[in-house]
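A.B. asks: Dropping in coords-v3.cif, with mmCIF, C-alpha atoms and all ligand atoms.
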data_entry
#
loop_
_atom_site.label_atom_id
_atom_site.label_comp_id
_atom_site.auth_asym_id
_atom_site.auth_seq_id
_atom_site.Cartn_x
_atom_site.Cartn_y
_atom_site.Cartn_z
CA MET A 6 -91.10 -57.54 100.81
CA LEU A 7 -91.81 -60.06 98.16
CA VAL A 8 -94.14 -57.80 96.24
CA SER A 9 -91.38 -55.36 95.48
CA ARG A 10 -89.26 -58.17 94.16
CA LEU A 11 -92.17 -59.45 92.15
CA LEU A 12 -92.21 -56.34 90.10
CA ARG A 13 -88.76 -56.83 88.79
CA LEU A 14 -89.04 -59.86 86.74
CA VAL A 15 -92.33 -61.08 86.15
CA ALA A 16 -94.70 -62.16 83.58
CA THR A 17 -97.54 -60.20 82.24
CA ARG A 18 -99.96 -62.95 83.19
CA PRO A 19 -99.64 -66.70 82.98
CA CYS A 20 -101.51 -67.01 79.76
CA SER A 21 -99.41 -65.80 76.97
CA SER A 22 -96.92 -68.12 75.41
CA SER A 23 -93.21 -67.66 75.29
CA SER A 24 -91.64 -64.39 76.10
CA SER A 25 -88.11 -63.27 76.74
CA ARG A 26 -89.28 -60.79 79.32
CA PHE A 27 -88.58 -63.27 82.06
CA ILE A 28 -84.96 -62.93 82.82
CA THR A 29 -82.77 -63.89 85.64
CA ASN A 30 -82.12 -61.54 88.41
CA PRO A 31 -78.35 -61.56 88.47
CA ALA A 32 -78.07 -59.72 91.77
CA ASN A 33 -77.18 -61.30 95.01
CA ARG A 34 -76.77 -64.79 93.61
CA THR A 35 -76.53 -67.21 96.49
CA ASN A 36 -75.27 -70.16 94.55
CA GLN A 37 -73.66 -70.80 91.26
CA LEU A 38 -76.57 -72.47 89.51
CA SER A 39 -78.18 -69.97 87.14
CA LEU A 40 -81.94 -69.79 86.93
CA GLU A 41 -84.03 -67.93 84.39
CA LEU A 42 -87.74 -67.82 83.80
CA LYS A 43 -87.94 -68.11 80.02
CA SER A 44 -91.67 -68.16 79.51
CA ILE A 45 -94.98 -69.04 81.07
CA ASN A 46 -98.44 -69.95 79.81
CA ASP A 47 -101.70 -71.21 81.32
CA THR A 48 -100.30 -74.55 82.26
CA HIS A 49 -96.52 -74.38 82.42
CA ALA A 50 -93.40 -72.47 83.30
CA THR A 51 -90.35 -72.90 81.10
CA LEU A 52 -87.12 -72.35 82.98
CA LEU A 53 -83.49 -72.20 81.98
CA ILE A 54 -81.49 -73.97 84.67
CA ASP A 55 -77.81 -73.46 84.01
CA GLY A 56 -78.81 -72.76 80.43
CA LYS A 57 -80.80 -75.99 80.07
CA GLU A 58 -84.47 -75.68 79.30
CA ALA A 59 -86.92 -77.42 81.61
CA LYS A 60 -90.69 -77.25 81.60
CA PHE A 61 -92.75 -77.48 84.80
CA ASP A 62 -96.50 -77.87 85.06
CA TRP A 63 -98.15 -75.46 87.51
CA ILE A 64 -100.06 -78.39 89.03
CA PHE A 65 -96.79 -80.23 89.67
CA LEU A 66 -95.29 -77.15 91.29
CA ARG A 67 -98.32 -76.38 93.46
CA ASP A 68 -98.62 -80.02 94.46
CA SER A 69 -94.92 -80.16 95.41
CA CYS A 70 -94.86 -77.00 97.52
CA GLN A 71 -92.42 -77.55 100.38
CA CYS A 72 -93.69 -74.80 102.68
CA ALA A 73 -94.76 -75.61 106.23
CA ARG A 74 -98.44 -75.33 105.31
CA CYS A 75 -98.04 -77.93 102.59
CA THR A 76 -95.40 -80.27 104.02
CA ASP A 77 -95.34 -80.91 107.75
CA PRO A 78 -91.91 -79.79 109.02
CA SER A 79 -91.78 -82.58 111.56
CA THR A 80 -93.09 -85.62 109.67
CA ARG A 81 -92.04 -84.35 106.21
CA GLN A 82 -95.39 -85.57 104.96
CA LYS A 83 -97.74 -83.80 102.59
CA LEU A 84 -100.67 -81.98 104.12
CA HIS A 85 -102.85 -81.87 101.03
CA ASN A 86 -103.92 -84.30 98.36
CA THR A 87 -102.80 -84.02 94.75
CA THR A 88 -106.49 -84.05 93.84
CA ASP A 89 -106.95 -80.83 95.84
CA VAL A 90 -104.97 -78.87 93.24
CA PRO A 91 -107.36 -77.08 90.85
CA LEU A 92 -106.79 -77.75 87.16
CA THR A 93 -106.71 -73.99 86.59
CA ILE A 94 -104.01 -73.33 89.17
CA ALA A 95 -101.47 -70.80 87.93
CA PRO A 96 -99.57 -67.80 89.30
CA GLN A 97 -101.38 -64.55 89.86
CA ASN A 98 -100.72 -61.77 87.40
CA ARG A 99 -97.01 -61.04 87.83
CA GLY A 100 -96.96 -63.80 90.39
CA ALA A 101 -94.00 -65.82 89.17
CA GLN A 102 -90.45 -64.57 89.55
CA ILE A 103 -86.85 -65.44 90.17
CA SER A 104 -85.91 -64.00 93.52
CA ASN A 105 -82.70 -62.29 94.57
CA ASP A 106 -81.56 -65.49 96.20
CA ASN A 107 -82.12 -67.38 92.99
CA ASN A 108 -85.32 -69.27 93.76
CA LEU A 109 -88.49 -69.52 91.74
CA GLU A 110 -91.20 -67.83 93.76
CA ILE A 111 -94.86 -68.12 92.97
CA LEU A 112 -97.94 -66.35 94.30
CA TRP A 113 -100.83 -68.62 93.37
CA ASN A 114 -104.09 -67.46 91.79
CA LYS A 115 -106.40 -69.63 93.89
CA PRO A 116 -106.54 -71.80 96.99
CA LEU A 117 -106.53 -75.57 96.99
CA LEU A 118 -109.89 -77.27 96.62
CA ASN A 119 -111.52 -78.14 99.94
CA HIS A 120 -109.08 -75.93 101.84
CA GLN A 121 -110.18 -72.86 103.71
CA ASP A 122 -107.19 -70.68 102.82
CA ILE A 123 -107.82 -67.18 103.94
CA THR A 124 -104.47 -65.85 102.87
CA GLU A 125 -102.83 -66.07 99.50
CA HIS A 126 -100.43 -68.93 99.06
CA ARG A 127 -96.81 -68.44 98.16
CA SER A 128 -94.39 -71.18 97.14
CA SER A 129 -90.65 -71.08 96.75
CA TYR A 130 -88.51 -73.56 94.83
CA SER A 131 -84.74 -73.54 95.04
CA ASN A 132 -82.74 -73.79 91.85
CA VAL A 133 -81.24 -77.05 93.09
CA TRP A 134 -84.68 -78.51 93.72
CA LEU A 135 -85.80 -77.41 90.27
CA ARG A 136 -82.74 -78.94 88.66
CA THR A 137 -83.41 -82.21 90.47
CA TYR A 138 -86.93 -82.37 89.05
CA SER A 139 -85.90 -81.22 85.59
CA SER A 140 -85.06 -84.74 84.32
CA SER A 141 -85.61 -88.36 85.23
CA SER A 142 -81.87 -88.95 85.46
CA ASN A 143 -81.50 -86.11 87.98
CA ILE A 144 -84.39 -87.50 90.00
CA ALA A 145 -82.75 -90.94 89.99
CA ARG A 146 -79.45 -89.46 91.12
CA ALA A 147 -81.10 -87.57 93.97
CA ARG A 148 -82.73 -90.81 95.09
CA TYR A 149 -79.49 -92.72 94.53
CA HIS A 150 -81.20 -94.95 92.03
CA ASP A 151 -78.63 -94.47 89.34
CA ARG A 152 -76.17 -97.17 90.34
CA PRO A 153 -76.35 -99.68 87.48
CA SER A 154 -76.14 -103.46 87.70
CA VAL A 155 -73.10 -105.12 86.14
CA TYR A 156 -74.28 -108.12 84.17
CA TRP A 157 -71.89 -111.04 84.52
CA ASN A 158 -70.87 -114.39 83.18
CA ARG A 159 -68.25 -116.63 84.77
CA LYS A 160 -65.32 -114.76 83.21
CA VAL A 161 -66.55 -111.41 84.50
CA ILE A 162 -67.46 -112.59 87.99
CA GLU A 163 -64.16 -114.41 88.47
CA SER A 164 -62.31 -111.17 87.87
CA VAL A 165 -64.13 -109.40 90.71
CA ASN A 166 -63.27 -109.69 94.39
CA LEU A 167 -66.64 -110.47 95.97
CA ARG A 168 -65.14 -111.37 99.36
CA VAL A 169 -65.78 -109.19 102.42
CA GLN A 170 -64.45 -109.77 105.92
CA CYS A 171 -67.12 -110.32 108.55
CA ASN A 172 -65.55 -107.82 110.88
CA ASP A 173 -65.61 -105.06 108.25
CA TYR A 174 -69.21 -105.87 107.36
CA LEU A 175 -70.41 -105.86 110.95
CA HIS A 176 -68.36 -103.10 112.52
CA SER A 177 -67.49 -100.55 109.86
CA ASP A 178 -70.02 -98.47 107.92
CA ARG A 179 -67.53 -98.14 105.08
CA GLY A 180 -67.08 -101.92 105.13
CA LEU A 181 -70.81 -102.50 104.93
CA TYR A 182 -71.16 -99.81 102.24
CA HIS A 183 -68.53 -101.60 100.16
CA ALA A 184 -70.45 -104.87 100.59
CA LEU A 185 -73.77 -103.27 99.62
CA LYS A 186 -72.29 -101.72 96.49
CA LEU A 187 -70.97 -105.12 95.39
CA LEU A 188 -74.37 -106.62 96.13
CA ASN A 189 -76.08 -103.92 94.09
CA ASP A 190 -73.71 -104.29 91.17
CA TYR A 191 -73.30 -108.08 90.98
CA GLY A 192 -76.14 -109.41 93.16
CA LEU A 193 -73.73 -111.71 94.99
CA ILE A 194 -71.12 -111.44 97.77
CA PHE A 195 -69.32 -113.74 100.18
CA ILE A 196 -68.62 -112.85 103.80
CA ASP A 197 -65.57 -114.62 105.31
CA ASN A 198 -64.90 -115.64 108.92
CA VAL A 199 -68.52 -115.79 110.00
CA GLN A 200 -68.79 -117.77 113.20
CA GLY A 201 -71.60 -118.84 115.48
CA GLU A 202 -74.97 -120.42 115.04
CA LEU A 203 -76.88 -117.13 115.06
CA ALA A 204 -74.30 -115.14 113.09
CA VAL A 205 -76.48 -115.25 109.96
CA GLU A 206 -79.22 -113.39 111.82
CA GLN A 207 -76.71 -110.78 112.92
CA LEU A 208 -75.49 -110.34 109.34
CA THR A 209 -79.06 -109.95 108.12
CA GLU A 210 -80.04 -107.48 110.83
CA ARG A 211 -77.05 -105.34 109.92
CA ILE A 212 -78.98 -104.53 106.71
CA GLY A 213 -82.55 -104.62 108.01
CA GLU A 214 -85.27 -106.53 109.76
CA ILE A 215 -85.29 -110.26 109.18
CA ARG A 216 -88.12 -111.48 107.00
CA HIS A 217 -89.82 -114.27 108.95
CA THR A 218 -91.38 -117.03 106.90
CA PHE A 219 -93.03 -120.34 107.72
CA TYR A 220 -89.50 -121.81 107.59
CA GLY A 221 -88.69 -119.71 110.67
CA LYS A 222 -86.76 -116.56 111.52
CA SER A 223 -83.68 -118.36 110.28
CA TRP A 224 -83.69 -121.92 108.98
CA ASP A 225 -81.35 -124.88 108.78
CA VAL A 226 -80.42 -126.53 105.51
CA LYS A 227 -79.50 -130.05 106.54
CA SER A 228 -80.46 -133.27 104.82
CA THR A 229 -83.27 -134.95 106.70
CA GLU A 230 -85.57 -137.89 106.11
CA LYS A 231 -89.09 -137.00 104.95
CA ALA A 232 -87.93 -133.49 104.10
CA ILE A 233 -90.59 -130.83 103.64
CA ASN A 234 -88.48 -129.12 100.95
CA VAL A 235 -86.05 -130.49 98.38
CA ALA A 236 -83.43 -128.17 99.90
CA TYR A 237 -83.46 -130.35 103.00
CA THR A 238 -82.26 -133.42 101.10
CA SER A 239 -78.90 -134.40 99.60
CA GLN A 240 -80.31 -134.35 96.07
CA ALA A 241 -79.10 -131.96 93.41
CA LEU A 242 -81.18 -128.79 93.48
CA GLY A 243 -81.32 -127.02 90.12
CA LEU A 244 -81.21 -123.29 89.45
CA HIS A 245 -84.05 -121.54 91.23
CA MET A 246 -85.21 -118.60 93.29
CA ASP A 247 -86.81 -118.95 96.70
CA LEU A 248 -90.43 -118.36 97.65
CA LEU A 249 -91.86 -117.30 94.31
CA TYR A 250 -95.18 -118.67 95.55
CA PHE A 251 -95.36 -115.65 97.89
CA GLU A 252 -96.98 -112.39 96.83
CA ALA A 253 -93.73 -110.61 97.83
CA PRO A 254 -90.77 -112.99 97.69
CA PRO A 255 -87.86 -111.84 99.87
CA GLY A 256 -85.21 -109.95 97.94
CA LEU A 257 -82.04 -110.94 99.76
CA GLN A 258 -81.04 -114.39 100.89
CA PHE A 259 -78.24 -115.21 103.32
CA LEU A 260 -76.75 -118.72 103.56
CA HIS A 261 -74.12 -119.35 106.20
CA SER A 262 -72.03 -122.50 106.05
CA LEU A 263 -71.56 -123.77 109.62
CA THR A 264 -70.24 -127.20 108.61
CA ASN A 265 -69.30 -128.52 105.23
CA ASP A 266 -67.09 -131.58 104.85
CA VAL A 267 -69.24 -133.77 102.63
CA GLN A 268 -68.28 -134.95 99.19
CA GLY A 269 -70.12 -132.94 96.55
CA GLY A 270 -72.64 -130.23 97.29
CA ALA A 271 -70.96 -127.39 95.38
CA SER A 272 -73.06 -124.23 95.03
CA TYR A 273 -73.45 -122.37 91.78
CA TYR A 274 -75.02 -119.08 90.77
CA VAL A 275 -76.21 -117.48 87.54
CA ASP A 276 -77.02 -113.88 86.66
CA ALA A 277 -80.57 -114.18 85.28
CA PHE A 278 -80.56 -110.49 84.22
CA ARG A 279 -77.70 -111.17 81.83
CA ALA A 280 -79.40 -114.25 80.39
CA ALA A 281 -82.62 -112.28 79.89
CA GLU A 282 -80.74 -109.46 78.14
CA THR A 283 -79.09 -112.00 75.85
CA LEU A 284 -82.50 -113.45 75.04
CA ARG A 285 -83.87 -109.96 74.31
CA ARG A 286 -81.06 -109.47 71.80
CA GLN A 287 -81.23 -112.91 70.22
CA ASN A 288 -84.98 -113.43 70.11
CA PRO A 289 -87.11 -110.39 70.97
CA GLN A 290 -90.33 -112.32 70.42
CA ALA A 291 -89.31 -115.01 72.92
CA PHE A 292 -88.30 -112.26 75.36
CA ARG A 293 -91.72 -110.63 75.03
CA LEU A 294 -93.47 -113.94 75.65
CA LEU A 295 -91.49 -114.45 78.85
CA CYS A 296 -92.58 -110.96 79.91
CA SER A 297 -96.25 -111.87 79.66
CA TYR A 298 -96.94 -115.59 79.85
CA PRO A 299 -98.27 -116.63 83.29
CA VAL A 300 -96.33 -119.24 85.24
CA THR A 301 -97.82 -120.54 88.49
CA PHE A 302 -95.78 -121.38 91.58
CA HIS A 303 -97.08 -123.12 94.64
CA TYR A 304 -96.17 -124.79 97.88
CA ARG A 305 -98.83 -127.24 98.96
CA ASN A 306 -97.42 -129.31 101.75
CA ALA A 307 -97.15 -129.64 105.53
CA GLY A 308 -100.47 -127.90 106.16
CA ARG A 309 -99.64 -124.93 103.90
CA HIS A 310 -101.07 -123.88 100.57
CA TYR A 311 -99.25 -120.96 98.97
CA HIS A 312 -99.87 -120.02 95.37
CA PHE A 313 -98.88 -117.19 93.06
CA THR A 314 -98.84 -116.64 89.28
CA ARG A 315 -96.31 -114.36 87.61
CA PRO A 316 -94.48 -113.90 84.29
CA THR A 317 -90.84 -115.00 83.99
CA ILE A 318 -89.35 -111.59 83.16
CA VAL A 319 -90.66 -108.40 84.74
CA LEU A 320 -89.62 -105.00 83.37
CA ASN A 321 -89.57 -101.79 85.31
CA PRO A 322 -92.76 -100.19 83.96
CA PHE A 323 -91.46 -96.66 84.54
CA SER A 324 -87.99 -96.95 83.02
CA SER A 325 -87.46 -95.30 79.66
CA ASP A 326 -85.15 -98.11 78.55
CA GLN A 327 -87.39 -101.10 79.38
CA ARG A 328 -85.01 -102.15 82.12
CA ILE A 329 -85.39 -105.58 83.74
CA ASP A 330 -86.76 -105.23 87.26
CA HIS A 331 -86.73 -108.86 88.36
CA ILE A 332 -86.92 -112.44 87.16
CA ASN A 333 -89.20 -115.25 88.30
CA TYR A 334 -87.62 -118.63 87.64
CA SER A 335 -88.01 -121.55 89.99
CA PRO A 336 -88.75 -124.87 88.26
CA PRO A 337 -88.89 -126.99 91.46
CA PHE A 338 -91.70 -124.83 92.80
CA GLN A 339 -93.82 -124.57 89.67
CA ALA A 340 -97.42 -125.74 89.84
CA PRO A 341 -99.20 -127.18 86.78
CA PHE A 342 -99.84 -124.30 84.37
CA GLU A 343 -103.15 -122.57 85.01
CA SER A 344 -103.21 -120.74 81.67
CA ASP A 345 -105.22 -122.01 78.70
CA THR A 346 -102.70 -124.53 77.46
CA SER A 347 -104.93 -125.50 74.52
CA LYS A 348 -103.88 -122.29 72.78
CA ASP A 349 -100.89 -122.08 70.43
CA GLU A 350 -99.28 -119.52 72.65
CA PHE A 351 -98.53 -122.19 75.26
CA ARG A 352 -96.20 -124.07 72.93
CA GLN A 353 -94.63 -120.80 71.77
CA PHE A 354 -93.99 -119.97 75.42
CA ILE A 355 -92.44 -123.38 76.07
CA GLN A 356 -90.01 -122.84 73.19
CA ALA A 357 -89.07 -119.42 74.55
CA PHE A 358 -88.74 -120.87 78.04
CA GLN A 359 -86.40 -123.56 76.76
CA GLN A 360 -84.25 -120.98 75.04
CA PHE A 361 -84.05 -119.02 78.31
CA ARG A 362 -83.21 -122.24 80.19
CA ASP A 363 -80.36 -122.93 77.74
CA LEU A 364 -78.91 -119.48 78.40
CA LEU A 365 -79.21 -119.91 82.17
CA GLU A 366 -77.59 -123.32 82.11
CA GLU A 367 -74.80 -122.44 79.71
CA PRO A 368 -71.70 -123.41 81.77
CA SER A 369 -69.82 -120.24 80.82
CA ASN A 370 -72.58 -118.21 82.51
CA SER A 371 -72.40 -119.86 85.92
CA TYR A 372 -70.16 -119.29 88.91
CA GLU A 373 -69.50 -122.44 90.92
CA LEU A 374 -67.75 -122.86 94.21
CA MET A 375 -67.78 -124.87 97.40
CA LEU A 376 -69.19 -122.75 100.21
CA LYS A 377 -66.56 -123.20 102.90
CA LYS A 378 -67.18 -123.49 106.62
CA ASP A 379 -67.55 -120.01 108.17
CA GLN A 380 -68.45 -118.43 104.84
CA CYS A 381 -71.79 -116.73 104.23
CA VAL A 382 -73.12 -116.01 100.78
CA ILE A 383 -75.60 -113.16 100.29
CA PHE A 384 -77.47 -112.93 97.00
CA HIS A 385 -80.25 -110.98 95.31
CA ASN A 386 -83.10 -113.49 95.18
CA ARG A 387 -84.98 -111.63 92.39
CA ARG A 388 -81.95 -111.60 90.08
CA ILE A 389 -79.46 -114.36 90.91
CA LEU A 390 -80.37 -118.02 90.53
CA HIS A 391 -78.82 -120.42 92.99
CA ALA A 392 -78.34 -124.16 92.84
CA ARG A 393 -76.55 -127.01 94.55
CA ARG A 394 -74.90 -130.17 93.29
CA GLU A 395 -75.84 -133.48 94.83
CA PHE A 396 -73.74 -134.54 97.82
CA ASP A 397 -73.01 -137.76 99.68
CA ALA A 398 -74.74 -137.33 103.02
CA SER A 399 -72.85 -140.31 104.49
CA SER A 400 -69.46 -138.76 103.75
CA GLY A 401 -69.62 -136.09 106.44
CA SER A 402 -71.88 -133.29 107.55
CA ARG A 403 -73.26 -130.24 105.76
CA TRP A 404 -75.13 -127.59 107.68
CA LEU A 405 -76.15 -124.24 106.24
CA LYS A 406 -78.25 -121.70 108.05
CA GLY A 407 -80.31 -119.23 106.09
CA CYS A 408 -82.16 -115.97 106.55
CA TYR A 409 -84.03 -113.46 104.38
CA THR A 410 -84.58 -109.74 104.34
CA ASP A 411 -86.47 -107.54 101.91
CA LEU A 412 -84.92 -105.52 99.11
CA ASP A 413 -86.51 -102.40 100.64
CA ASN A 414 -84.13 -102.66 103.60
CA PHE A 415 -81.13 -103.25 101.37
CA LYS A 416 -81.95 -100.31 99.09
CA ALA A 417 -82.73 -97.99 102.00
CA GLN A 418 -79.39 -98.81 103.64
CA LEU A 419 -77.51 -98.37 100.38
CA ARG A 420 -79.16 -94.97 99.73
CA THR A 421 -78.43 -93.86 103.26
CA PHE A 422 -74.76 -94.73 102.90
CA GLN A 423 -74.53 -93.17 99.44
CA GLU A 424 -75.99 -89.99 100.85
CA LYS A 425 -73.55 -90.13 103.74
CA PHE A 426 -70.41 -90.94 101.76
CA HIS A 427 -71.21 -89.40 98.36
CA PRO A 428 -73.81 -86.68 98.82
CA VAL A 429 -75.28 -85.19 95.67
CA ALA A 430 -76.88 -81.81 95.71
CA ASP A 431 -79.99 -81.71 97.71
CA VAL A 432 -83.43 -82.60 97.39
CA HIS A 433 -85.72 -82.10 100.31
CA ILE A 434 -88.36 -84.63 99.52
FE FE B 1 -83.10 -122.07 97.58
#
Could you spell out this file's structure in structure tokens?
C.D. replies:
Amino acid sequence: MLVSRLLRLVATRPCSSSSSRFITNPANRTNQLSLELKSINDTHATLLIDGKEAKFDWIFLRDSCQCARCTDPSTRQKLHNTTDVPLTIAPQNRGAQISNDNNLEILWNKPLLNHQDITEHRSSYSNVWLRTYSSSSNIARARYHDRPSVYWNRKVIESVNLRVQCNDYLHSDRGLYHALKLLNDYGLIFIDNVQGELAVEQLTERIGEIRHTFYGKSWDVKSTEKAINVAYTSQALGLHMDLLYFEAPPGLQFLHSLTNDVQGGASYYVDAFRAAETLRRQNPQAFRLLCSYPVTFHYRNAGRHYHFTRPTIVLNPFSSDQRIDHINYSPPFQAPFESDTSKDEFRQFIQAFQQFRDLLEEPSNSYELMLKKDQCVIFHNRRILHARREFDASSGSRWLKGCYTDLDNFKAQLRTFQEKFHPVADVHI
């Protein structure tokens, strides 16, 4: 019975500060990770997990209880609200211990607010679970969020094999996993031997649901008269991202070349993350301005009126290293500025914007190639800028077919494969 185990190791009462009375039970260790209860007080437990100190708030622990009364075994969803946890939650006297099977076990001093608990509540946390939540890097690893981007210029990207065979991508999980890792790292891959008018939809659905837009489920990039978008002309189309006038622009873009025998029309790509990092290093003030100054995008044509305002550089607000989350850069789709342009800050922003533009358009930063027939490019639309040189529409035909999906689908598929092919120690979230 738990109570007998409780007596072995426990605290006097969760109020006093540190004490060495809380020691690991060495008996009957079920895994090799050591766990010791170093001290407790009114608000926290301090544990030694494999000798490393980690501090856990009682509210966090009570809120995260994984038992069947707190987390539905079928849906894996929480059955209480965080706001139901009383501020004075703590273990009962002698109610926190390391069990024989090396878990932290807690008998709580009070029920959740608004819950009619008639019995006392016990929670159990495995040492692996505790280690996972002992640091942000462990949490990231357990979520498979720790795969970094590789920032590139032309020299770097030309040394990487970004080509994937269509058959591997479509019919082998390892093939798709390889493609997704490249896409995560570089934001850009090329699928070879893609055939058929609807193949781009098939490639997209291999990662996730297609993101429908007013351009259609998939859309044709052909030069037409009276085009509704500059993409549907033979004009040069400068570096840009698609659909920044949406509240949630799609994260992945697919472009399949079905025909391409015109003169001109080369595609080129730039890693906007790298350019932004260079700007941060060279001119931190300009970088900060691009993180805050509002730029408006719109599409006001053909019976539509989309509009969204966003800064050029967006940082991940929760990263400890101010990591870049995404970039918003799409000159052809900018609206007139809607900020107060009478203020000095506008001109300061323009200078910073021009410096960023120079970095983006520096030839040594761009990767240019002719998208061949039966080749499909996939790129990260929140990181990689794409562009097209002008082409001679009378010299032949050029037909690309495009599709979008959301980054959520891409990340979910990548995490699922990482878990399948490279499992890290557990976390039952
Ligand atoms: Fe585009």
A.B. asks: For ligand FE 1 (chain B), return the neighbouring residues as a PDB file with C-alpha atoms, in the coordinates of the input (distance at most 10 Å; all atoms listed in the file).
C.D. replies:
ATOM      1  CA  VAL A 226     -80.420-126.530 105.510  1.00  0.00           C
ATOM      2  CA  ASN A 234     -88.480-129.120 100.950  1.00  0.00           C
ATOM      3  CA  VAL A 235     -86.050-130.490  98.380  1.00  0.00           C
ATOM      4  CA  ALA A 236     -83.430-128.170  99.900  1.00  0.00           C
ATOM      5  CA  TYR A 237     -83.460-130.350 103.000  1.00  0.00           C
ATOM      6  CA  LEU A 242     -81.180-128.790  93.480  1.00  0.00           C
ATOM      7  CA  GLY A 243     -81.320-127.020  90.120  1.00  0.00           C
ATOM      8  CA  LEU A 244     -81.210-123.290  89.450  1.00  0.00           C
ATOM      9  CA  HIS A 245     -84.050-121.540  91.230  1.00  0.00           C
ATOM     10  CA  MET A 246     -85.210-118.600  93.290  1.00  0.00           C
ATOM     11  CA  ASP A 247     -86.810-118.950  96.700  1.00  0.00           C
ATOM     12  CA  LEU A 248     -90.430-118.360  97.650  1.00  0.00           C
ATOM     13  CA  GLN A 258     -81.040-114.390 100.890  1.00  0.00           C
ATOM     14  CA  LEU A 260     -76.750-118.720 103.560  1.00  0.00           C
ATOM     15  CA  SER A 335     -88.010-121.550  89.990  1.00  0.00           C
ATOM     16  CA  PRO A 337     -88.890-126.990  91.460  1.00  0.00           C
ATOM     17  CA  ASN A 386     -83.100-113.490  95.180  1.00  0.00           C
ATOM     18  CA  LEU A 390     -80.370-118.020  90.530  1.00  0.00           C
ATOM     19  CA  HIS A 391     -78.820-120.420  92.990  1.00  0.00           C
ATOM     20  CA  ALA A 392     -78.340-124.160  92.840  1.00  0.00           C
ATOM     21  CA  ARG A 393     -76.550-127.010  94.550  1.00  0.00           C
ATOM     22  CA  GLY A 407     -80.310-119.230 106.090  1.00  0.00           C
TER      23      GLY A 407
END
A.B. asks: Could I get the residues of region 288-362 of chain A with an atom no further than 8 Å from an atom of region 265-281 of chain A, each paired with its nearest atom pair and that distance in Å to one decimal, using only C-alpha atoms, sorted by chain and residue number, as a Markdown table?
C.D. replies:
| residue | atom | partner | partner_atom | distance |
| --- | --- | --- | --- | --- |
| A:Phe292 | CA | A:Ala281 | CA | 7.3 |
| A:Ile318 | CA | A:Ala281 | CA | 7.5 |
| A:Ile329 | CA | A:Phe278 | CA | 6.9 |
| A:His331 | CA | A:Phe278 | CA | 7.6 |
| A:Ile332 | CA | A:Ala277 | CA | 6.8 |
| A:Phe361 | CA | A:Ala280 | CA | 7.0 |
A.B. asks: So that all listed atoms of region 375-389 of chain A fit with 4 Å spare on each side, what axis-aligned box centre and edge lengths in Å, to one decimal, would you give as JSON?
C.D. replies:
{"center_x": -75.8, "center_y": -117.9, "center_z": 99.1, "size_x": 26.4, "size_y": 21.9, "size_z": 26.1}
A.B. asks: Here is a test: counting all atoms listed in the file, which residue of A:Ala204, A:Ile389, A:Ile383, A:Val133 is nearest to Ser371 (chain A)?
C.D. replies: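 Selected residue with least distance to Ser371 (chain A): A:Ile389.
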A.B. asks: Pick out the residues sitting within 10 Å of region 55-63 of chain A, and hand them over as a ChimeraX atom specification; count all atoms listed in the file, and ignore anything fewer than 2 positions along from it in its own chain.
C.D. replies: /A:19,37-53,65-69,90-96,111,113,132,135-136,138-140
A.B. asks: Nearest to Phe251 (chain A) among A:Arg159, A:Arg286, A:His312, A:Arg216, with distances taken over all atoms listed in the file: which residue is it?
C.D. replies: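 For Phe251 (chain A), the nearest of the candidates is A:His312.
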A.B. asks: For Cys75 (chain A), list every protein, DNA or RNA residue within 12 Å, evaluated using all atoms listed in the file, and leave out those in the same chain fewer than 2 positions away; present the list as a tab-separated table (two decimals) with C-alpha atoms, in the frame of the given file.
C.D. replies:
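File produced: around16.tsv:
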chain	number	residue	atom	x	y	z
A	66	LEU	CA	-95.29	-77.15	91.29
A	67	ARG	CA	-98.32	-76.38	93.46
A	68	ASP	CA	-98.62	-80.02	94.46
A	69	SER	CA	-94.92	-80.16	95.41
A	70	CYS	CA	-94.86	-77.00	97.52
A	71	GLN	CA	-92.42	-77.55	100.38
A	72	CYS	CA	-93.69	-74.80	102.68
A	73	ALA	CA	-94.76	-75.61	106.23
A	77	ASP	CA	-95.34	-80.91	107.75
A	78	PRO	CA	-91.91	-79.79	109.02
A	79	SER	CA	-91.78	-82.58	111.56
A	80	THR	CA	-93.09	-85.62	109.67
A	81	ARG	CA	-92.04	-84.35	106.21
A	82	GLN	CA	-95.39	-85.57	104.96
A	83	LYS	CA	-97.74	-83.80	102.59
A	84	LEU	CA	-100.67	-81.98	104.12
A	85	HIS	CA	-102.85	-81.87	101.03
A	86	ASN	CA	-103.92	-84.30	98.36
A	87	THR	CA	-102.80	-84.02	94.75
A	89	ASP	CA	-106.95	-80.83	95.84
A	90	VAL	CA	-104.97	-78.87	93.24
A	116	PRO	CA	-106.54	-71.80	96.99
A	117	LEU	CA	-106.53	-75.57	96.99
A	120	HIS	CA	-109.08	-75.93	101.84
A	122	ASP	CA	-107.19	-70.68	102.82
A	126	HIS	CA	-100.43	-68.93	99.06
A	127	ARG	CA	-96.81	-68.44	98.16
A	128	SER	CA	-94.39	-71.18	97.14
A	129	SER	CA	-90.65	-71.08	96.75
A.B. asks: So what do you get for CA of Phe195 (chain A) versus CA of Lys406 (chain A), distance-wise?
C.D. replies: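 According to the coordinates, CA of Phe195 (chain A) and CA of Lys406 (chain A) are separated by 14.3 Å.
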A.B. asks: Could you jot down the CA of Val169 (chain A) to CA of Ile196 (chain A) separation for me, Å, one decimal place?
C.D. replies: 4.8 Å
A.B. asks: Please indicate the distance in Å from CA of Gly256 (chain A) to CA of Thr410 (chain A), rounded to one decimal place.
C.D. replies: 6.4 Å
A.B. asks: Of the candidates A:Ala101, A:Met375, A:Cys381, A:Val319, which one gets nearest to Pro299 (chain A) if we count all atoms listed in the file?
C.D. replies: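 So, comparing all the options, the nearest one is A:Val319.
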